[in-house]
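Shown here: run.cif, mmCIF, C-alpha atoms and all ligand atoms.
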```cif
data_protein
#
loop_
_atom_site.label_atom_id
_atom_site.label_comp_id
_atom_site.auth_asym_id
_atom_site.auth_seq_id
_atom_site.Cartn_x
_atom_site.Cartn_y
_atom_site.Cartn_z
CA MET A 1 60.40 -94.26 184.79
CA ALA A 2 61.16 -91.51 187.26
CA THR A 3 59.26 -88.28 186.95
CA GLU A 4 61.19 -85.09 187.45
CA GLU A 5 59.48 -83.17 190.18
CA LEU A 6 60.13 -79.47 189.91
CA GLN A 7 60.26 -77.64 193.23
CA VAL A 8 58.45 -74.41 192.56
CA ILE A 9 59.13 -71.29 194.60
CA GLY A 10 56.74 -68.35 194.87
CA GLY A 11 58.03 -65.26 193.11
CA GLU A 12 60.39 -67.21 190.85
CA TRP A 13 59.88 -67.41 187.10
CA TYR A 14 59.17 -70.57 185.18
CA TRP A 15 58.42 -71.83 181.74
CA GLY A 16 55.13 -73.58 181.80
CA VAL A 17 51.62 -73.76 180.51
CA ARG A 18 48.09 -73.61 181.85
CA CYS A 19 46.55 -76.94 182.81
CA PRO A 20 43.78 -77.78 180.33
CA GLU A 21 41.71 -79.38 183.08
CA CYS A 22 41.72 -76.87 185.93
CA GLY A 23 43.45 -73.80 184.52
CA ALA A 24 46.26 -73.76 187.07
CA MET A 25 49.71 -72.89 185.78
CA ALA A 26 52.06 -75.86 185.66
CA ALA A 27 55.80 -75.18 185.71
CA HIS A 28 58.14 -77.12 183.49
CA VAL A 29 61.57 -75.57 183.99
CA PRO A 30 62.85 -72.47 185.80
CA ASP A 31 63.41 -69.32 183.74
CA PRO A 32 66.85 -68.04 184.78
CA SER A 33 66.19 -64.64 183.21
CA ARG A 34 63.14 -64.11 185.44
CA GLY A 35 61.03 -62.92 182.54
CA GLN A 36 63.61 -60.36 181.44
CA GLY A 37 65.01 -59.94 177.97
CA ASP A 38 64.77 -62.12 174.92
CA SER A 39 65.32 -65.37 176.70
CA LYS A 40 64.71 -68.72 175.12
CA MET A 41 63.99 -71.83 177.04
CA THR A 42 67.52 -73.18 177.41
CA THR A 43 67.05 -75.95 179.91
CA GLY A 44 64.84 -78.08 177.73
CA LYS A 45 66.27 -80.90 175.73
CA PRO A 46 66.96 -79.91 172.12
CA GLY A 47 64.54 -81.41 169.69
CA GLU A 48 62.06 -82.31 172.37
CA ALA A 49 58.81 -81.03 170.89
CA GLN A 50 56.50 -82.26 173.60
CA VAL A 51 56.82 -82.40 177.36
CA THR A 52 54.70 -83.98 180.04
CA MET A 53 53.84 -81.87 183.04
CA THR A 54 51.86 -82.19 186.23
CA CYS A 55 49.86 -79.24 187.45
CA PRO A 56 49.64 -78.29 191.15
CA ASN A 57 46.35 -80.20 191.34
CA GLY A 58 47.89 -83.40 190.07
CA HIS A 59 46.64 -83.45 186.48
CA ARG A 60 49.15 -84.91 184.07
CA PHE A 61 49.11 -83.56 180.53
CA SER A 62 51.35 -83.04 177.55
CA ALA A 63 52.22 -79.68 176.04
CA GLN A 64 54.15 -78.56 172.99
CA THR A 65 57.36 -76.85 174.07
CA GLU A 66 56.63 -74.05 171.60
CA ASN A 67 53.49 -73.25 173.58
CA LEU A 68 55.28 -72.80 176.89
CA LEU A 69 55.04 -69.36 178.46
CA ARG A 70 57.10 -67.57 181.03
CA PHE A 71 55.24 -66.74 184.18
CA GLU A 72 55.90 -65.71 187.74
CA TRP A 73 54.83 -68.37 190.16
CA GLY A 74 52.18 -67.18 192.55
CA ALA A 75 51.43 -64.03 190.56
CA GLN A 76 48.19 -65.26 189.04
ZN ZN B 101 45.09 -79.23 186.61
#
```

Could you render the structure as structure tokens?
Amino acid sequence: MATEELQVIGGEWYWGVRCPECGAMAAHVPDPSRGQGDSKMTTGKPGEAQVTMTCPNGHRFSAQTENLLRFEWGAQ
């Protein structure tokens, strides 16, 4: 099964969550609103409650989509 590799760009906004192992932010999908307004995550698949992500340090983990946060890559 192919893993979708997200190409992250510094200064862009993403939906993601903090890696439980190392604390680095892992991006799941881009946030087209760049953190502005009352945006919902629109690029996720409807009904998909859990997603698998890989953090920048290579840890794979699952996260609930409802726990995803918007963040600016490289701002931490
Ligand atoms: Zn990690």

Quick one: residues within 6 Å of ligand ZN 101 (chain B), with all atoms listed in the file, as a JSON list (two decimals) with C-alpha atoms, in the coordinates of the input?
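The new file selection.json reads:
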```json
[["chain", "number", "residue", "atom", "x", "y", "z"],
["A", 19, "CYS", "CA", 46.55, -76.94, 182.81],
["A", 21, "GLU", "CA", 41.71, -79.38, 183.08],
["A", 22, "CYS", "CA", 41.72, -76.87, 185.93],
["A", 24, "ALA", "CA", 46.26, -73.76, 187.07],
["A", 55, "CYS", "CA", 49.86, -79.24, 187.45],
["A", 57, "ASN", "CA", 46.35, -80.20, 191.34],
["A", 59, "HIS", "CA", 46.64, -83.45, 186.48]]
```

For each of A:Gln7, A:Gly23, A:Trp15, A:Gln36, take the minimum atom-to-atom distance to Val51 of chain A, counting only C-alpha atoms, then give the residue where this is smallest.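 Of all the options, A:Trp15 lies closest to Val51 of chain A.
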
Write out as a list in words which residues come within 7 Å of segment 26-34 of chain A when counting all atoms listed in the file, dropping same-chain ones fewer than 6 positions away. Glu12, Trp13, Tyr14, Trp15, Gly16, Val17, Arg18, Cys19, Thr43, Met53, Thr54, Cys55 and Pro56 of chain A

Show me the residues close to (54.4, -64.6, 191.9) - anything with an atom within 9 Å, counting only C-alpha atoms - and format the list as a list in words. Ile9, Gly10, Gly11, Glu12, Trp13, Phe71, Glu72, Trp73, Gly74, Ala75 and Gln76 of chain A
